[in-house]
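Okay, input-v5.pdb now, which holds PDB, C-alpha atoms:
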```pdb
ATOM      1  CA  MET A   1    -196.532  50.763-129.740
ATOM      2  CA  PRO A   2    -194.500  52.515-132.459
ATOM      3  CA  GLN A   3    -190.994  51.317-133.166
ATOM      4  CA  LYS A   4    -188.234  53.500-131.701
ATOM      5  CA  THR A   5    -185.795  55.107-134.117
ATOM      6  CA  LEU A   6    -182.050  55.387-133.516
ATOM      7  CA  LEU A   7    -179.599  57.501-135.515
ATOM      8  CA  VAL A   8    -176.016  56.191-135.610
ATOM      9  CA  THR A   9    -173.251  58.319-137.088
ATOM     10  CA  GLY A  10    -170.219  56.486-138.451
ATOM     11  CA  SER A  11    -172.431  53.440-138.805
ATOM     12  CA  SER A  12    -169.990  51.558-141.047
ATOM     13  CA  GLY A  13    -167.106  51.917-138.604
ATOM     14  CA  LEU A  14    -166.082  49.597-135.796
ATOM     15  CA  ILE A  15    -168.071  51.114-132.940
ATOM     16  CA  GLY A  16    -170.955  52.441-135.016
ATOM     17  CA  SER A  17    -171.657  49.141-136.735
ATOM     18  CA  GLU A  18    -171.783  47.271-133.433
ATOM     19  CA  VAL A  19    -174.166  49.884-132.025
ATOM     20  CA  CYS A  20    -176.387  49.309-135.082
ATOM     21  CA  VAL A  21    -176.463  45.543-134.509
ATOM     22  CA  HIS A  22    -177.064  45.896-130.770
ATOM     23  CA  PHE A  23    -180.104  48.136-131.129
ATOM     24  CA  ALA A  24    -181.566  46.465-134.226
ATOM     25  CA  GLU A  25    -181.509  43.132-132.394
ATOM     26  CA  ARG A  26    -183.541  44.807-129.643
ATOM     27  CA  GLY A  27    -186.246  45.955-132.026
ATOM     28  CA  TRP A  28    -185.132  49.478-132.865
ATOM     29  CA  GLN A  29    -185.300  50.919-136.372
ATOM     30  CA  VAL A  30    -181.688  51.968-136.995
ATOM     31  CA  HIS A  31    -180.725  54.747-139.386
ATOM     32  CA  GLY A  32    -177.000  54.719-140.087
ATOM     33  CA  VAL A  33    -175.118  57.720-141.429
ATOM     34  CA  ASP A  34    -171.744  57.200-143.059
ATOM     35  CA  ASN A  35    -169.914  58.564-146.093
ATOM     36  CA  ASN A  36    -166.948  56.162-146.093
ATOM     37  CA  GLN A  37    -164.520  58.958-145.250
ATOM     38  CA  ARG A  38    -161.997  56.339-144.088
ATOM     39  CA  ALA A  39    -161.458  55.366-147.729
ATOM     40  CA  VAL A  40    -160.538  58.990-148.493
ATOM     41  CA  PHE A  41    -158.112  59.125-145.568
ATOM     42  CA  PHE A  42    -156.589  55.658-145.834
ATOM     43  CA  GLY A  43    -157.264  54.499-149.387
ATOM     44  CA  PRO A  44    -158.755  51.131-150.351
ATOM     45  CA  GLN A  45    -157.628  49.425-147.129
ATOM     46  CA  GLY A  46    -159.729  51.916-145.130
ATOM     47  CA  ASP A  47    -162.890  51.329-147.140
ATOM     48  CA  THR A  48    -165.871  50.445-144.925
ATOM     49  CA  ARG A  49    -168.468  49.683-147.616
ATOM     50  CA  TRP A  50    -168.118  45.975-146.811
ATOM     51  CA  ASN A  51    -169.392  46.703-143.307
ATOM     52  CA  GLN A  52    -172.272  48.817-144.600
ATOM     53  CA  LYS A  53    -173.257  45.921-146.873
ATOM     54  CA  ARG A  54    -172.963  43.471-143.957
ATOM     55  CA  LEU A  55    -175.335  45.596-141.866
ATOM     56  CA  GLN A  56    -177.841  45.846-144.710
ATOM     57  CA  GLU A  57    -177.779  42.083-145.229
ATOM     58  CA  GLN A  58    -177.748  41.122-141.538
ATOM     59  CA  LEU A  59    -180.306  43.642-140.277
ATOM     60  CA  GLY A  60    -182.573  43.848-143.319
ATOM     61  CA  ASP A  61    -185.406  46.328-142.992
ATOM     62  CA  ARG A  62    -184.331  47.244-139.436
ATOM     63  CA  PHE A  63    -181.389  49.184-140.934
ATOM     64  CA  GLN A  64    -181.436  52.089-143.341
ATOM     65  CA  HIS A  65    -178.226  53.688-144.611
ATOM     66  CA  THR A  66    -177.948  57.406-145.368
ATOM     67  CA  GLU A  67    -174.954  58.612-147.350
ATOM     68  CA  LEU A  68    -174.101  61.889-145.644
ATOM     69  CA  ASP A  69    -171.055  63.793-144.444
ATOM     70  CA  ILE A  70    -172.041  64.961-140.949
ATOM     71  CA  ARG A  71    -170.097  68.185-141.560
ATOM     72  CA  ASP A  72    -172.892  69.069-144.028
ATOM     73  CA  ARG A  73    -175.035  71.208-141.709
ATOM     74  CA  PRO A  74    -178.044  71.597-144.024
ATOM     75  CA  GLY A  75    -177.938  67.868-144.815
ATOM     76  CA  VAL A  76    -177.846  66.909-141.143
ATOM     77  CA  LEU A  77    -180.688  69.309-140.345
ATOM     78  CA  ALA A  78    -182.810  67.884-143.170
ATOM     79  CA  LEU A  79    -182.143  64.321-142.011
ATOM     80  CA  LEU A  80    -183.061  65.088-138.390
ATOM     81  CA  ASP A  81    -186.173  66.974-139.498
ATOM     82  CA  GLU A  82    -187.219  63.862-141.423
ATOM     83  CA  LEU A  83    -186.248  61.129-138.955
ATOM     84  CA  ARG A  84    -186.846  62.729-135.556
ATOM     85  CA  PRO A  85    -185.006  59.858-133.823
ATOM     86  CA  GLU A  86    -185.696  58.955-130.214
ATOM     87  CA  ALA A  87    -181.971  58.469-129.559
ATOM     88  CA  ILE A  88    -178.511  59.267-130.925
ATOM     89  CA  PRO A  89    -175.658  57.398-129.161
ATOM     90  CA  PHE A  90    -172.576  59.268-128.015
ATOM     91  CA  ASP A  91    -170.241  56.233-127.876
ATOM     92  CA  ASP A  92    -168.292  56.978-131.044
ATOM     93  CA  PHE A  93    -168.174  60.707-130.331
ATOM     94  CA  ASP A  94    -166.959  60.122-126.786
ATOM     95  CA  THR A  95    -164.227  57.778-127.966
ATOM     96  CA  ASN A  96    -162.949  60.131-130.653
ATOM     97  CA  ALA A  97    -163.477  63.505-128.967
ATOM     98  CA  THR A  98    -162.243  62.481-125.533
ATOM     99  CA  GLY A  99    -159.320  60.578-127.016
ATOM    100  CA  THR A 100    -158.326  63.606-129.103
ATOM    101  CA  LEU A 101    -158.619  65.934-126.117
ATOM    102  CA  ASN A 102    -156.482  63.575-124.002
ATOM    103  CA  LEU A 103    -153.836  63.452-126.714
ATOM    104  CA  LEU A 104    -153.782  67.237-127.106
ATOM    105  CA  GLU A 105    -153.493  67.810-123.345
ATOM    106  CA  ALA A 106    -150.711  65.237-122.995
ATOM    107  CA  THR A 107    -148.883  66.911-125.902
ATOM    108  CA  ARG A 108    -149.269  70.324-124.268
ATOM    109  CA  GLN A 109    -147.852  69.026-121.000
ATOM    110  CA  SER A 110    -145.146  66.658-122.208
ATOM    111  CA  CYS A 111    -143.922  67.889-125.569
ATOM    112  CA  PRO A 112    -145.353  71.329-126.419
ATOM    113  CA  GLU A 113    -142.808  71.735-129.211
ATOM    114  CA  SER A 114    -144.538  68.964-131.195
TER     115      SER A 114
END
```

Before anything else, please render the file you have as structure tokens.
Amino acid sequence: MPQKTLLVTGSSGLIGSEVCVHFAERGWQVHGVDNNQRAVFFGPQGDTRWNQKRLQEQLGDRFQHTELDIRDRPGVLALLDELRPEAIPFDDFDTNATGTLNLLEATRQSCPES
């Protein structure tokens, strides 16, 4: 039976890295996408390369890193054309998108002048 492939965006972040470990330990081939954007936003203290390196060392050949900004539409399309993953988790997206929507709605209701 062929190995299942998982694509994880934000793979060097808190949630993404734990998703990588979880699925790799269950036999999946994990392809992580991250471009260390946190270092751009937050400087050296936001750098997540240490976590990328940890995943590569801990998971070995079950983890492959792709340096890609997911806002790069042609790059994302090319990656998906190549990988054709069986699954792409929504955990990180749900946390960030839903959290942002909740914050925006609370701002609209409670302090629209902000």

Around the point (-170.9, 57.3, -131.3) in the file's coordinates, collect all residues with an atom within 10 Å, using all atoms listed in the file, and return them as JSON, numbers by chain. {"A": [7, 8, 9, 10, 11, 13, 15, 16, 17, 19, 88, 89, 90, 91, 92, 93, 94, 95, 96, 97]}

Just checking: using all atoms listed in the file, which residue out of A:Ser12, A:Leu80, A:Leu103, A:Asp72 ends up closest to Lys53 in chain A?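 With all atoms listed in the file as the atom set, the closest residue is A:Ser12.
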
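Considering all atoms listed in the file, the residue among A:Gln45, A:Gln37, A:Gln58, A:Asn51 positioned nearest to Arg71 in chain A is A:Gln37.
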
Could you expand the PyMOL selection byres ((chain A and resi 55) around 10) into the explicit residues it covers here, written as a ChimeraX atom specification? /A:11-12,17-18,20-21,24,32,49-54,56-60,62-65

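Checking A:Val40, A:Trp28, A:Glu82, A:Glu113 one by one against Pro2 in chain A, counting only C-alpha atoms, you find the shortest gap at A:Trp28.
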
So the first atom is CA of Asp81 in chain A and the second is CA of Phe23 in chain A; what is the distance between them in Å, to one decimal place?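 It comes out at 21.5 Å.
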
As JSON, what would the box around range 105-111 of chain A look like: edges along x, y and z, 5 Å added on every side, centre and edge lengths in Å to one decimal?
```
{"center_x": -148.7, "center_y": 67.8, "center_z": -123.5, "size_x": 19.6, "size_y": 15.1, "size_z": 14.9}
```

Separation of CA of Val33 in chain A from CA of Pro85 in chain A, in Å and rounded to one decimal: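 Pair CA of Val33 in chain A / CA of Pro85 in chain A returns 12.7 Å.
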
With distances taken over only C-alpha atoms, which residue among A:Asp69, A:Thr48, A:Thr5, A:Val76 lies nearest Asn35 in chain A?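 For Asn35 in chain A, the nearest of the given residues is A:Asp69.
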
So how far away is CA of Glu67 in chain A from CA of Gly27 in chain A, in Å?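 Distance between the two atoms: 22.9 Å.
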
My list of candidates is A:Ile70, A:Gly46, A:Ala87, A:Leu79. Which is closest to Val30 in chain A when distances are computed with all atoms listed in the file?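 Residue with the minimum atom-to-atom distance to Val30 in chain A: A:Ala87.
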
Counting only C-alpha atoms, figure out which residue out of A:Asn36, A:Thr107, A:Thr66, A:Ser114 gets nearest to Leu83 in chain A. A:Thr66

N, CA, C and O atoms restored at range 76-91 of chain A, emitted as a PDB file, in the coordinates of the input:
```
ATOM      1  N   VAL A  76    -177.554  67.480-142.461  1.00  0.00           N
ATOM      2  CA  VAL A  76    -177.846  66.909-141.143  1.00  0.00           C
ATOM      3  C   VAL A  76    -179.181  67.432-140.630  1.00  0.00           C
ATOM      4  O   VAL A  76    -180.002  66.666-140.112  1.00  0.00           O
ATOM      5  N   LEU A  77    -179.422  68.732-140.783  1.00  0.00           N
ATOM      6  CA  LEU A  77    -180.688  69.309-140.345  1.00  0.00           C
ATOM      7  C   LEU A  77    -181.859  68.668-141.083  1.00  0.00           C
ATOM      8  O   LEU A  77    -182.866  68.290-140.465  1.00  0.00           O
ATOM      9  N   ALA A  78    -181.732  68.504-142.384  1.00  0.00           N
ATOM     10  CA  ALA A  78    -182.810  67.884-143.170  1.00  0.00           C
ATOM     11  C   ALA A  78    -183.058  66.443-142.715  1.00  0.00           C
ATOM     12  O   ALA A  78    -184.219  66.020-142.588  1.00  0.00           O
ATOM     13  N   LEU A  79    -181.996  65.708-142.461  1.00  0.00           N
ATOM     14  CA  LEU A  79    -182.143  64.321-142.011  1.00  0.00           C
ATOM     15  C   LEU A  79    -182.853  64.253-140.664  1.00  0.00           C
ATOM     16  O   LEU A  79    -183.768  63.458-140.468  1.00  0.00           O
ATOM     17  N   LEU A  80    -182.437  65.092-139.720  1.00  0.00           N
ATOM     18  CA  LEU A  80    -183.061  65.088-138.390  1.00  0.00           C
ATOM     19  C   LEU A  80    -184.509  65.579-138.446  1.00  0.00           C
ATOM     20  O   LEU A  80    -185.358  65.055-137.710  1.00  0.00           O
ATOM     21  N   ASP A  81    -184.784  66.530-139.310  1.00  0.00           N
ATOM     22  CA  ASP A  81    -186.173  66.974-139.498  1.00  0.00           C
ATOM     23  C   ASP A  81    -187.047  65.826-139.984  1.00  0.00           C
ATOM     24  O   ASP A  81    -188.187  65.678-139.570  1.00  0.00           O
ATOM     25  N   GLU A  82    -186.481  64.997-140.863  1.00  0.00           N
ATOM     26  CA  GLU A  82    -187.219  63.862-141.423  1.00  0.00           C
ATOM     27  C   GLU A  82    -187.350  62.714-140.426  1.00  0.00           C
ATOM     28  O   GLU A  82    -188.439  62.179-140.220  1.00  0.00           O
ATOM     29  N   LEU A  83    -186.248  62.319-139.807  1.00  0.00           N
ATOM     30  CA  LEU A  83    -186.248  61.129-138.955  1.00  0.00           C
ATOM     31  C   LEU A  83    -186.829  61.351-137.563  1.00  0.00           C
ATOM     32  O   LEU A  83    -187.516  60.487-137.032  1.00  0.00           O
ATOM     33  N   ARG A  84    -186.466  62.454-136.944  1.00  0.00           N
ATOM     34  CA  ARG A  84    -186.846  62.729-135.556  1.00  0.00           C
ATOM     35  C   ARG A  84    -186.589  61.506-134.665  1.00  0.00           C
ATOM     36  O   ARG A  84    -187.506  60.953-134.053  1.00  0.00           O
ATOM     37  N   PRO A  85    -185.317  61.075-134.584  1.00  0.00           N
ATOM     38  CA  PRO A  85    -185.006  59.858-133.823  1.00  0.00           C
ATOM     39  C   PRO A  85    -185.222  60.044-132.325  1.00  0.00           C
ATOM     40  O   PRO A  85    -185.085  61.151-131.798  1.00  0.00           O
ATOM     41  N   GLU A  86    -185.548  58.939-131.669  1.00  0.00           N
ATOM     42  CA  GLU A  86    -185.696  58.955-130.214  1.00  0.00           C
ATOM     43  C   GLU A  86    -184.339  59.003-129.517  1.00  0.00           C
ATOM     44  O   GLU A  86    -184.239  59.443-128.381  1.00  0.00           O
ATOM     45  N   ALA A  87    -183.286  58.516-130.191  1.00  0.00           N
ATOM     46  CA  ALA A  87    -181.971  58.469-129.559  1.00  0.00           C
ATOM     47  C   ALA A  87    -180.866  58.590-130.603  1.00  0.00           C
ATOM     48  O   ALA A  87    -181.028  58.169-131.746  1.00  0.00           O
ATOM     49  N   ILE A  88    -179.743  59.181-130.143  1.00  0.00           N
ATOM     50  CA  ILE A  88    -178.511  59.267-130.925  1.00  0.00           C
ATOM     51  C   ILE A  88    -177.377  58.938-129.958  1.00  0.00           C
ATOM     52  O   ILE A  88    -177.110  59.717-129.048  1.00  0.00           O
ATOM     53  N   PRO A  89    -176.717  57.783-130.118  1.00  0.00           N
ATOM     54  CA  PRO A  89    -175.658  57.398-129.161  1.00  0.00           C
ATOM     55  C   PRO A  89    -174.432  58.312-129.233  1.00  0.00           C
ATOM     56  O   PRO A  89    -174.097  58.822-130.290  1.00  0.00           O
ATOM     57  N   PHE A  90    -173.781  58.457-128.104  1.00  0.00           N
ATOM     58  CA  PHE A  90    -172.576  59.268-128.015  1.00  0.00           C
ATOM     59  C   PHE A  90    -171.311  58.425-127.963  1.00  0.00           C
ATOM     60  O   PHE A  90    -170.219  58.969-127.812  1.00  0.00           O
ATOM     61  N   ASP A  91    -171.404  57.106-128.055  1.00  0.00           N
ATOM     62  CA  ASP A  91    -170.241  56.233-127.876  1.00  0.00           C
ATOM     63  C   ASP A  91    -169.078  56.598-128.796  1.00  0.00           C
ATOM     64  O   ASP A  91    -167.949  56.769-128.354  1.00  0.00           O
TER      65      ASP A  91
END
```
